[in-house]
>>> print(open('protein07.cif').read())   # mmCIF, C-alpha atoms and all ligand atoms
data_target
loop_
_atom_site.label_atom_id
_atom_site.label_comp_id
_atom_site.auth_asym_id
_atom_site.auth_seq_id
_atom_site.Cartn_x
_atom_site.Cartn_y
_atom_site.Cartn_z
CA MET A 793 1.89 178.20 41.13
CA LYS A 794 1.35 181.05 43.55
CA ILE A 795 -2.36 181.80 43.73
CA PHE A 796 -3.80 184.79 45.58
CA ILE A 797 -7.41 184.66 46.77
CA SER A 798 -9.02 187.83 48.07
CA GLY A 799 -11.91 187.18 50.48
CA VAL A 800 -10.32 183.91 51.60
CA ALA A 801 -12.26 183.86 54.90
CA GLY A 802 -15.46 183.92 52.88
CA PHE A 803 -17.57 181.06 51.65
CA LEU A 804 -16.35 180.77 48.07
CA GLY A 805 -12.79 181.98 48.69
CA SER A 806 -12.13 179.39 51.40
CA HIS A 807 -13.41 176.48 49.29
CA LEU A 808 -11.31 177.62 46.35
CA ALA A 809 -8.29 177.80 48.65
CA ASP A 810 -8.91 174.21 49.77
CA ARG A 811 -9.01 173.05 46.17
CA PHE A 812 -5.75 174.75 45.21
CA ILE A 813 -4.00 173.51 48.33
CA GLU A 814 -5.13 169.96 47.47
CA ARG A 815 -3.43 170.50 44.10
CA ASN A 816 -0.22 171.58 45.87
CA HIS A 817 -0.28 175.22 44.87
CA HIS A 818 1.02 177.97 47.16
CA VAL A 819 -2.10 179.81 48.28
CA VAL A 820 -1.95 183.30 49.74
CA GLY A 821 -5.09 185.18 50.70
CA CYS A 822 -6.41 188.29 52.35
CA ASP A 823 -9.68 189.23 54.01
CA ASN A 824 -10.80 192.26 56.03
CA LEU A 825 -13.34 190.08 57.92
CA ILE A 826 -16.31 192.33 57.21
CA GLY A 827 -18.00 189.03 56.30
CA GLY A 828 -16.99 185.37 56.28
CA TYR A 829 -15.68 183.47 59.32
CA MET A 830 -12.04 183.45 60.38
CA ASP A 831 -12.18 179.67 60.90
CA ASN A 832 -13.10 179.24 57.23
CA VAL A 833 -9.48 180.00 56.30
CA PRO A 834 -7.72 176.69 55.58
CA ASN A 835 -4.61 176.05 57.71
CA ASP A 836 -2.20 175.93 54.80
CA VAL A 837 -3.17 179.34 53.45
CA GLU A 838 -0.71 182.16 54.01
CA PHE A 839 -3.30 184.55 55.44
CA ILE A 840 -3.01 188.31 55.75
CA GLN A 841 -5.80 190.29 57.36
CA SER A 842 -6.04 193.30 55.10
CA ASP A 843 -8.40 195.30 52.97
CA CYS A 844 -8.40 195.06 49.17
CA THR A 845 -9.01 198.79 48.87
CA ASP A 846 -5.56 199.36 50.41
CA PHE A 847 -3.77 199.52 47.05
CA TYR A 848 -0.20 199.80 48.36
CA LYS A 849 -0.69 196.81 50.65
CA MET A 850 -2.15 194.79 47.77
CA LYS A 851 0.75 195.80 45.53
CA GLU A 852 3.15 194.42 48.13
CA LEU A 853 1.14 191.21 48.74
CA LEU A 854 0.85 190.38 45.06
CA LYS A 855 4.62 190.20 44.45
CA GLY A 856 5.44 186.94 42.67
CA VAL A 857 1.77 185.91 42.35
CA ASP A 858 0.77 184.06 39.15
CA ILE A 859 -3.02 184.03 39.42
CA VAL A 860 -5.47 186.24 41.32
CA TYR A 861 -9.01 185.18 42.23
CA HIS A 862 -10.87 188.24 43.37
CA THR A 863 -13.76 186.88 45.43
CA ALA A 864 -13.79 189.60 48.12
CA ALA A 865 -16.96 191.64 48.10
CA THR A 866 -19.82 192.83 50.24
CA ALA A 867 -22.18 190.62 48.23
CA TYR A 868 -25.40 192.20 49.47
CA GLU A 869 -27.81 192.65 46.60
CA GLY A 870 -30.97 193.58 48.53
CA LEU A 871 -29.08 195.64 51.10
CA SER A 872 -27.19 197.56 48.40
CA VAL A 873 -30.32 199.64 47.75
CA PHE A 874 -30.15 200.87 51.37
CA SER A 875 -26.38 200.79 52.02
CA PRO A 876 -24.90 201.62 48.62
CA HIS A 877 -21.76 203.26 49.99
CA ILE A 878 -20.46 200.31 52.00
CA VAL A 879 -21.51 197.79 49.36
CA THR A 880 -19.93 199.50 46.36
CA ARG A 881 -16.80 200.45 48.29
CA ASN A 882 -16.06 196.76 48.78
CA ILE A 883 -17.02 195.91 45.22
CA VAL A 884 -15.86 198.66 42.86
CA ASP A 885 -13.00 200.25 44.86
CA SER A 886 -11.78 196.87 45.94
CA ALA A 887 -11.81 195.42 42.41
CA VAL A 888 -10.00 198.42 40.89
CA SER A 889 -7.34 198.29 43.58
CA MET A 890 -6.81 194.54 43.01
CA ILE A 891 -6.73 194.91 39.21
CA SER A 892 -4.22 197.73 39.33
CA ALA A 893 -2.00 195.94 41.87
CA SER A 894 -2.14 192.77 39.74
CA ILE A 895 -1.17 194.53 36.52
CA SER A 896 1.68 196.34 38.22
CA ASN A 897 2.98 192.97 39.49
CA LYS A 898 2.64 191.29 36.08
CA VAL A 899 0.13 188.73 37.33
CA GLU A 900 -0.65 186.23 34.55
CA ARG A 901 -4.38 185.85 35.00
CA PHE A 902 -7.08 187.67 36.97
CA VAL A 903 -10.37 185.91 37.70
CA LEU A 904 -13.14 188.28 38.77
CA CYS A 905 -16.15 186.89 40.59
CA SER A 906 -19.05 188.85 39.27
CA SER A 907 -22.70 187.96 39.90
CA MET A 908 -25.83 187.17 37.95
CA ALA A 909 -27.13 190.47 39.37
CA ARG A 910 -25.31 191.92 36.32
CA TYR A 911 -28.13 190.63 34.10
CA GLY A 912 -30.91 192.34 36.09
CA THR A 913 -34.16 192.45 34.14
CA ASN A 914 -32.98 190.52 31.06
CA GLU A 915 -35.13 187.54 29.97
CA VAL A 916 -34.24 184.22 31.59
CA PRO A 917 -32.21 182.12 31.14
CA PHE A 918 -29.44 184.71 31.15
CA THR A 919 -26.77 184.18 28.52
CA GLU A 920 -23.38 185.80 28.45
CA ASP A 921 -24.05 187.68 25.19
CA MET A 922 -26.86 189.74 26.76
CA THR A 923 -26.31 193.41 27.49
CA PRO A 924 -26.24 193.69 31.29
CA LYS A 925 -29.19 195.54 32.86
CA PRO A 926 -28.36 195.58 36.57
CA GLN A 927 -31.15 196.86 38.80
CA ASP A 928 -29.37 197.71 42.03
CA PRO A 929 -26.05 199.13 43.28
CA TYR A 930 -24.68 195.61 43.83
CA GLY A 931 -25.27 194.55 40.21
CA ILE A 932 -24.15 197.95 38.91
CA GLY A 933 -20.98 197.66 41.01
CA LYS A 934 -20.25 194.17 39.67
CA TYR A 935 -20.73 195.25 36.08
CA THR A 936 -18.61 198.38 36.64
CA SER A 937 -15.83 196.16 37.98
CA GLU A 938 -16.07 193.98 34.87
CA LEU A 939 -15.77 197.03 32.61
CA MET A 940 -12.75 198.25 34.57
CA LEU A 941 -11.14 194.82 34.27
CA LYS A 942 -11.71 194.54 30.52
CA ASN A 943 -10.49 198.08 29.89
CA LEU A 944 -7.31 197.84 31.97
CA CYS A 945 -6.45 194.33 30.78
CA GLU A 946 -6.82 195.31 27.15
CA VAL A 947 -4.55 198.32 27.62
CA HIS A 948 -1.91 196.59 29.73
CA GLY A 949 -2.14 192.98 28.56
CA MET A 950 -3.21 190.82 31.53
CA ASP A 951 -5.32 187.71 30.91
CA TYR A 952 -8.70 187.86 32.60
CA VAL A 953 -11.89 185.87 33.01
CA VAL A 954 -15.21 187.04 34.44
CA ALA A 955 -16.95 184.26 36.38
CA VAL A 956 -20.66 184.76 36.98
CA PRO A 957 -22.05 182.58 39.79
CA HIS A 958 -25.69 181.90 40.63
CA ASN A 959 -26.84 181.86 44.24
CA ILE A 960 -24.32 179.49 45.77
CA ILE A 961 -25.15 177.23 48.71
CA GLY A 962 -23.08 174.98 50.93
CA PRO A 963 -21.11 174.66 54.16
CA ARG A 964 -19.16 177.71 55.44
CA GLN A 965 -21.69 180.21 54.15
CA LYS A 966 -22.44 182.84 56.77
CA TYR A 967 -25.79 181.89 58.25
CA ASP A 968 -26.14 184.49 61.02
CA ASP A 969 -26.24 187.37 58.54
CA PRO A 970 -29.74 188.88 58.26
CA TYR A 971 -28.95 190.67 55.01
CA ARG A 972 -28.20 187.81 52.64
CA ASN A 973 -28.09 184.06 51.88
CA VAL A 974 -31.76 183.12 51.79
CA ALA A 975 -31.26 179.36 52.19
CA SER A 976 -28.89 179.78 55.17
CA ILE A 977 -31.27 182.24 56.85
CA MET A 978 -34.18 179.84 56.41
CA ILE A 979 -32.21 176.88 57.82
CA ASN A 980 -30.95 178.93 60.77
CA MET A 981 -34.50 180.10 61.56
CA MET A 982 -36.14 176.68 61.20
CA LEU A 983 -33.45 175.11 63.41
CA GLN A 984 -34.44 177.68 66.04
CA GLY A 985 -38.05 176.54 65.64
CA ARG A 986 -38.97 179.84 63.96
CA GLN A 987 -40.95 180.32 60.75
CA PRO A 988 -38.90 181.67 57.81
CA VAL A 989 -39.63 185.10 56.38
CA ILE A 990 -40.41 185.38 52.66
CA TYR A 991 -40.38 188.75 50.87
CA GLY A 992 -43.26 189.28 48.41
CA ASP A 993 -45.42 186.33 47.41
CA GLY A 994 -42.50 183.88 47.27
CA LYS A 995 -43.12 183.17 43.59
CA GLN A 996 -39.86 184.80 42.52
CA LYS A 997 -37.61 182.12 41.01
CA ARG A 998 -33.93 181.41 41.50
CA CYS A 999 -31.31 178.78 40.67
CA PHE A 1000 -28.96 177.54 43.39
CA SER A 1001 -25.51 176.03 42.84
CA PHE A 1002 -23.76 173.74 45.27
CA ILE A 1003 -20.33 175.12 46.14
CA GLN A 1004 -18.32 172.16 44.78
CA ASP A 1005 -19.96 172.54 41.37
CA ASP A 1006 -18.75 176.14 41.29
CA VAL A 1007 -15.26 175.31 42.52
CA ASP A 1008 -14.85 172.70 39.75
CA ILE A 1009 -15.44 175.33 37.09
CA LEU A 1010 -13.45 178.05 38.82
CA GLU A 1011 -10.47 175.73 39.01
CA LYS A 1012 -10.60 175.03 35.27
CA ILE A 1013 -10.92 178.73 34.51
CA CYS A 1014 -7.48 179.20 35.97
CA PHE A 1015 -5.68 177.02 33.42
CA GLU A 1016 -7.64 176.84 30.15
CA ASN A 1017 -6.70 179.12 27.27
CA ASN A 1018 -10.12 179.19 25.62
CA VAL A 1019 -11.66 181.22 28.46
CA VAL A 1020 -9.37 184.25 28.39
CA GLY A 1021 -11.34 187.48 28.00
CA GLU A 1022 -14.64 185.62 28.41
CA VAL A 1023 -17.63 186.09 30.67
CA ILE A 1024 -18.78 182.66 31.87
CA ASN A 1025 -21.84 181.75 33.92
CA ILE A 1026 -20.96 179.13 36.49
CA GLY A 1027 -23.18 176.69 38.29
CA PRO A 1028 -26.11 174.45 37.40
CA ASP A 1029 -29.16 175.63 35.49
CA GLU A 1030 -31.33 172.53 35.78
CA GLU A 1031 -33.44 173.26 38.87
CA PHE A 1032 -35.24 176.62 38.75
CA VAL A 1033 -37.31 176.98 41.93
CA THR A 1034 -39.52 179.56 43.61
CA ILE A 1035 -38.55 180.85 47.04
CA ASN A 1036 -41.72 179.13 48.33
CA GLU A 1037 -40.44 175.82 46.91
CA LEU A 1038 -37.03 176.42 48.45
CA ALA A 1039 -38.66 176.86 51.87
CA GLU A 1040 -40.69 173.68 51.31
CA ILE A 1041 -37.62 171.59 50.44
CA ILE A 1042 -35.72 172.86 53.49
CA ALA A 1043 -38.74 172.24 55.74
CA ASP A 1044 -39.05 168.74 54.32
CA LEU A 1045 -35.37 167.98 54.95
CA LEU A 1046 -35.75 169.25 58.53
CA SER A 1047 -39.22 167.71 59.09
CA PHE A 1048 -40.36 171.22 60.01
CA ASP A 1049 -44.01 172.26 60.06
CA LEU A 1050 -43.86 175.16 57.57
CA ASN A 1051 -46.05 178.27 57.71
CA PRO A 1052 -43.85 181.13 56.40
CA THR A 1053 -44.27 184.76 57.40
CA TYR A 1054 -44.80 186.90 54.30
CA MET A 1055 -43.40 190.46 54.29
CA PRO A 1056 -43.61 193.16 51.55
CA GLY A 1057 -41.30 192.58 48.56
CA ARG A 1058 -37.95 194.33 48.54
CA PRO A 1059 -37.38 197.23 46.12
CA GLN A 1060 -35.59 196.34 42.87
CA GLU A 1061 -35.74 192.59 43.52
CA VAL A 1062 -35.69 190.82 40.16
CA PHE A 1063 -38.55 188.32 39.74
CA LEU A 1064 -36.87 185.66 37.60
CA ALA A 1065 -33.13 184.97 37.75
CA ASN A 1066 -31.30 182.02 36.33
CA CYS A 1067 -28.29 181.68 34.09
CA SER A 1068 -27.74 179.32 31.20
CA ALA A 1069 -24.74 177.04 31.79
CA ASN A 1070 -24.39 176.20 28.08
CA LYS A 1071 -21.23 178.21 27.57
CA ALA A 1072 -19.54 176.50 30.54
CA ARG A 1073 -20.64 173.12 29.15
CA LYS A 1074 -19.15 173.97 25.77
CA LEU A 1075 -15.89 175.60 26.87
CA LEU A 1076 -15.19 173.72 30.09
CA ASP A 1077 -17.11 170.46 29.78
CA TYR A 1078 -19.15 171.48 32.81
CA LYS A 1079 -21.42 168.87 34.41
CA THR A 1080 -23.58 169.37 37.50
CA LYS A 1081 -22.77 166.86 40.23
CA TYR A 1082 -25.05 167.96 43.08
CA SER A 1083 -28.82 168.33 43.14
CA LEU A 1084 -30.46 171.15 45.08
CA ARG A 1085 -31.65 168.72 47.78
CA GLU A 1086 -28.15 167.27 48.19
CA GLY A 1087 -26.65 170.76 48.44
CA LEU A 1088 -29.20 171.86 51.02
CA GLY A 1089 -28.63 168.64 52.95
CA GLU A 1090 -24.89 169.42 53.23
CA MET A 1091 -25.66 172.93 54.35
CA ILE A 1092 -28.07 171.72 57.02
CA LYS A 1093 -25.42 169.32 58.36
CA TYR A 1094 -22.94 172.20 58.63
CA ILE A 1095 -25.33 174.56 60.42
CA LYS A 1096 -26.54 171.79 62.75
CA ASP A 1097 -22.93 170.92 63.68
CA ARG A 1098 -22.07 174.52 64.54
CA GLY A 1099 -25.48 175.14 66.08
CA PRO A 1100 -28.10 177.74 65.09
CA LYS A 1101 -27.07 181.32 65.91
CA GLU A 1102 -28.67 184.67 66.61
CA PHE A 1103 -28.58 187.03 63.62
CA LYS A 1104 -26.02 189.84 63.82
CA TYR A 1105 -26.91 193.19 62.27
CA HIS A 1106 -23.27 193.92 61.53
CA LEU A 1107 -23.70 196.47 58.72
CA ASP A 1108 -25.29 199.90 59.04
CA LEU A 1109 -28.37 200.85 57.09
CA GLU A 1110 -27.35 204.07 55.35
CA ILE A 1111 -30.87 204.86 54.14
CA VAL A 1112 -33.85 204.16 56.37
CA ASN A 1113 -37.27 205.08 55.06
CA ASP A 1114 -40.65 203.45 54.37
CA LYS A 1115 -39.06 201.24 51.70
CA THR A 1116 -36.54 199.67 54.06
CA PRO A 1117 -37.56 196.10 54.97
CA LYS A 1118 -38.73 196.00 58.58
CA THR A 1119 -36.75 192.78 59.05
CA TRP A 1120 -33.71 195.07 58.91
CA SER A 1121 -34.87 198.43 60.31
CA GLU A 1122 -36.64 196.72 63.24
CA LYS A 1123 -34.21 193.78 63.49
CA LEU A 1124 -36.95 191.19 63.24
CA PHE A 1125 -34.87 188.11 62.40
N1 LIG B 1 -22.55 183.27 47.37
C1 LIG B 1 -23.29 183.56 46.34
O1 LIG B 1 -24.44 183.12 46.25
C2 LIG B 1 -22.74 184.40 45.22
C3 LIG B 1 -23.49 184.51 44.05
C4 LIG B 1 -23.01 185.30 43.02
C5 LIG B 1 -21.79 185.93 43.15
N2 LIG B 1 -21.07 185.80 44.29
C6 LIG B 1 -19.79 186.49 44.40
O2 LIG B 1 -18.80 185.55 44.79
C7 LIG B 1 -17.87 186.19 45.66
C8 LIG B 1 -17.78 185.43 46.96
O3 LIG B 1 -19.04 185.42 47.60
P1 LIG B 1 -19.24 184.69 48.99
O4 LIG B 1 -20.61 184.17 49.01
O5 LIG B 1 -18.11 183.78 49.23
O6 LIG B 1 -19.18 185.92 49.98
P2 LIG B 1 -18.58 185.97 51.45
O7 LIG B 1 -19.15 187.19 52.09
O8 LIG B 1 -18.73 184.69 52.14
O9 LIG B 1 -17.04 186.20 51.16
C9 LIG B 1 -16.51 187.43 50.77
C10 LIG B 1 -15.34 187.75 51.69
O10 LIG B 1 -14.77 188.99 51.23
C11 LIG B 1 -14.36 189.70 52.38
N3 LIG B 1 -14.26 191.11 52.01
C12 LIG B 1 -15.26 191.96 51.69
N4 LIG B 1 -14.76 193.17 51.39
C13 LIG B 1 -13.40 193.07 51.50
C14 LIG B 1 -12.34 193.98 51.30
N5 LIG B 1 -12.55 195.26 50.95
N6 LIG B 1 -11.07 193.54 51.52
C15 LIG B 1 -10.84 192.25 51.91
N7 LIG B 1 -11.82 191.35 52.12
C16 LIG B 1 -13.08 191.76 51.91
C17 LIG B 1 -15.41 189.40 53.43
O11 LIG B 1 -14.94 189.59 54.73
C18 LIG B 1 -15.75 187.94 53.14
O12 LIG B 1 -15.01 187.06 53.97
C19 LIG B 1 -18.35 187.63 45.83
O13 LIG B 1 -17.64 188.44 44.93
C20 LIG B 1 -19.81 187.56 45.46
O14 LIG B 1 -20.28 188.80 44.98
C21 LIG B 1 -21.53 185.04 45.33
#
>>> encode(input="protein07.cif", output="structure tokens")
Amino acid sequence: MKIFISGVAGFLGSHLADRFIERNHHVVGCDNLIGGYMDNVPNDVEFIQSDCTDFYKMKELLKGVDIVYHTAATAYEGLSVFSPHIVTRNIVDSAVSMISASISNKVERFVLCSSMARYGTNEVPFTEDMTPKPQDPYGIGKYTSELMLKNLCEVHGMDYVVAVPHNIIGPRQKYDDPYRNVASIMINMMLQGRQPVIYGDGKQKRCFSFIQDDVDILEKICFENNVVGEVINIGPDEEFVTINELAEIIADLLSFDLNPTYMPGRPQEVFLANCSANKARKLLDYKTKYSLREGLGEMIKYIKDRGPKEFKYHLDLEIVNDKTPKTWSEKLF
């Protein structure tokens, strides 16, 4: 099969590409390199550096493609409150362009990577039947993309699946980005001998998925018939931890003497966020293979091998005021 992965230089896109290459599929992918790392792109991928919002380019690239995985996004939930233009451009505009280009090329199936940010302030654990209540431009953008996908697929008849990941962890995640990836940021800081920063009191809770657990489900989503038109949470739901506990586990794995720096909470940050994986268990026989400690251990190995790095403030803050975290406005990381 010919599989197209947008955002193939990114964390999730590159691992998915590896999996489909292992299965002998023809993998084509694009990335505009606003995030990710160029050396994430597996050698056997036919790579094109281009932007998903360029509809005519996407229309040309998607000729003869059977399946599209749209993973490209500026996946910045906290930052989206302060840089909504750049974030939603690479979420909503990019998704609509990819959906339209896919339909016009008669692509068989479109898999959209959404986010649990779609659930916002719903009660945990989040289940797929809940009405989304996103709390920030990132979550609103993801849910808007889902609505666009459903609407256009129903009119024009393309199979689609909405995959909803948790916070994913693992090798190849960008760890020099000050705006996202809490576990990577903490590891990068502790490896530099610096105390991690925690927003709020650190009692907010999250669930983390190891990348291979997500790739297993995303691969199945491509072929099974019982998932068409469905929204499916992906990733484990067994270990629900506070950000304080996350810092403690990382410090323990690194034998680091932990004394975090606490900063004011970020606006619109949801306190409790974890998704039920029951639907994935039922439809796709999902089983978690990696514990949180194992996943963090793999991530530490990766960052140690490449070496800790200085943080790069590579995206502009569009709105700077007294609500903007000082870690960003004053470049404190
Ligand atoms: N990593 C997580 O914890 C997580 C959790 C929930 C949902 N997701 C979703 O999964 C997907 C992948 O996330 P990730 O962690 O791999 O992010 P990532 O930043 O590592 O990868 C995304 C890639 O998309 C590229 N990109 C962004 N805008 C683009 C555009 N307009 N055209 C072409 N390329 C573009 C970036 O350069 C980057 O390489 C995203 O849609 C994200 O919202 C991720």
>>> residues_near_ligand(input="protein07.cif", ligand="ligand LIG 1 (chain B)", cutoff="7 Å", atoms="only C-alpha atoms and all ligand atoms", output="VMD selection string")
chain A and resid 798 to 805 822 to 829 842 to 845 862 to 867 882 886 905 to 908 956 to 961 965 to 966 973
>>> closest_residue(input="protein07.cif", among="A:Ile979, A:Leu1107, A:Val989, A:Ile878", to="A:Pro929", atoms="all atoms listed in the file")
A:Ile878
>>> closest_residue(input="protein07.cif", among="A:Tyr991, A:Val903, A:Tyr1054, A:Tyr1082", to="A:Val1019", atoms="all atoms listed in the file")
A:Val903
>>> residues_around(input="protein07.cif", residues="stretch 1055-1058 of chain A", least_positions_apart="6", cutoff="9 Å", atoms="all atoms listed in the file", output="number ranges by chain")
A: 870, 989-994, 1115-1119
>>> closest_residue(input="protein07.cif", among="A:Asp1049, A:Asp885, A:Asp1097, A:Asp951", to="A:Gly933", atoms="only C-alpha atoms")
A:Asp885
>>> closest_residue(input="protein07.cif", among="A:Leu939, A:Val888, A:Leu904, A:Val1007", to="A:Asp810", atoms="only C-alpha atoms")
A:Val1007
>>> residues_near_point(input="protein07.cif", point="(-40.1, 172.2, 59.2)", cutoff="12 Å", atoms="all atoms listed in the file", output="list in words")
Met978, Ile979, Asn980, Met981, Met982, Leu983, Gln984, Gly985, Arg986, Gln987, Pro988, Leu1038, Ala1039, Glu1040, Ile1041, Ile1042, Ala1043, Asp1044, Leu1045, Leu1046, Ser1047, Phe1048, Asp1049, Leu1050, Asn1051 and Pro1052 of chain A
>>> decode(input="protein07.cif", residues="stretch 965-1031 of chain A", atoms="C-alpha atoms", output="CSV table (one decimal), in the first residue's frame")
chain,number,residue,atom,x,y,z
A,965,GLN,CA,10.5,13.6,20.8
A,966,LYS,CA,11.8,17.2,20.6
A,967,TYR,CA,13.4,17.9,23.9
A,968,ASP,CA,14.9,21.4,23.3
A,969,ASP,CA,11.5,22.9,22.8
A,970,PRO,CA,10.5,25.1,25.8
A,971,TYR,CA,6.9,25.2,24.8
A,972,ARG,CA,5.9,21.5,25.1
A,973,ASN,CA,6.7,17.9,26.1
A,974,VAL,CA,6.9,18.1,29.9
A,975,ALA,CA,8.8,14.9,30.4
A,976,SER,CA,11.4,15.7,27.8
A,977,ILE,CA,11.9,19.2,29.2
A,978,MET,CA,12.4,17.8,32.7
A,979,ILE,CA,14.9,15.2,31.5
A,980,ASN,CA,16.8,17.8,29.4
A,981,MET,CA,17.0,20.1,32.4
A,982,MET,CA,18.0,17.5,35.0
A,983,LEU,CA,20.7,16.2,32.6
A,984,GLN,CA,22.0,19.7,32.6
A,985,GLY,CA,22.0,19.6,36.4
A,986,ARG,CA,19.1,22.1,36.6
A,987,GLN,CA,16.0,21.8,38.6
A,988,PRO,CA,12.8,21.3,36.6
A,989,VAL,CA,10.1,23.9,36.5
A,990,ILE,CA,6.5,22.9,37.5
A,991,TYR,CA,3.5,25.2,36.7
A,992,GLY,CA,1.0,25.5,39.5
A,993,ASP,CA,1.2,23.1,42.5
A,994,GLY,CA,2.1,20.1,40.4
A,995,LYS,CA,-1.0,18.2,41.5
A,996,GLN,CA,-2.5,18.3,38.0
A,997,LYS,CA,-2.7,14.7,36.8
A,998,ARG,CA,-1.9,13.2,33.4
A,999,CYS,CA,-1.5,9.9,31.7
A,1000,PHE,CA,1.5,9.2,29.5
A,1001,SER,CA,1.7,6.6,26.7
A,1002,PHE,CA,4.9,5.1,25.4
A,1003,ILE,CA,5.2,5.7,21.7
A,1004,GLN,CA,5.2,2.0,20.7
A,1005,ASP,CA,1.9,1.4,22.4
A,1006,ASP,CA,0.4,4.2,20.3
A,1007,VAL,CA,2.0,2.9,17.1
A,1008,ASP,CA,0.5,-0.5,17.7
A,1009,ILE,CA,-3.0,0.9,17.7
A,1010,LEU,CA,-2.5,3.4,14.9
A,1011,GLU,CA,-1.3,0.6,12.7
A,1012,LYS,CA,-4.4,-1.5,13.4
A,1013,ILE,CA,-6.6,1.5,12.7
A,1014,CYS,CA,-5.4,1.5,9.2
A,1015,PHE,CA,-6.8,-1.9,8.3
A,1016,GLU,CA,-9.8,-2.8,10.5
A,1017,ASN,CA,-13.3,-2.2,9.2
A,1018,ASN,CA,-14.9,-1.8,12.7
A,1019,VAL,CA,-13.2,1.5,13.3
A,1020,VAL,CA,-14.4,3.5,10.3
A,1021,GLY,CA,-16.1,6.7,11.3
A,1022,GLU,CA,-15.1,6.2,15.0
A,1023,VAL,CA,-13.3,8.4,17.5
A,1024,ILE,CA,-10.8,6.2,19.4
A,1025,ASN,CA,-8.7,7.1,22.4
A,1026,ILE,CA,-5.2,5.5,22.0
A,1027,GLY,CA,-2.7,4.8,24.7
A,1028,PRO,CA,-2.7,3.3,28.2
A,1029,ASP,CA,-5.0,4.4,31.0
A,1030,GLU,CA,-3.5,2.5,33.8
A,1031,GLU,CA,-1.0,4.9,35.4
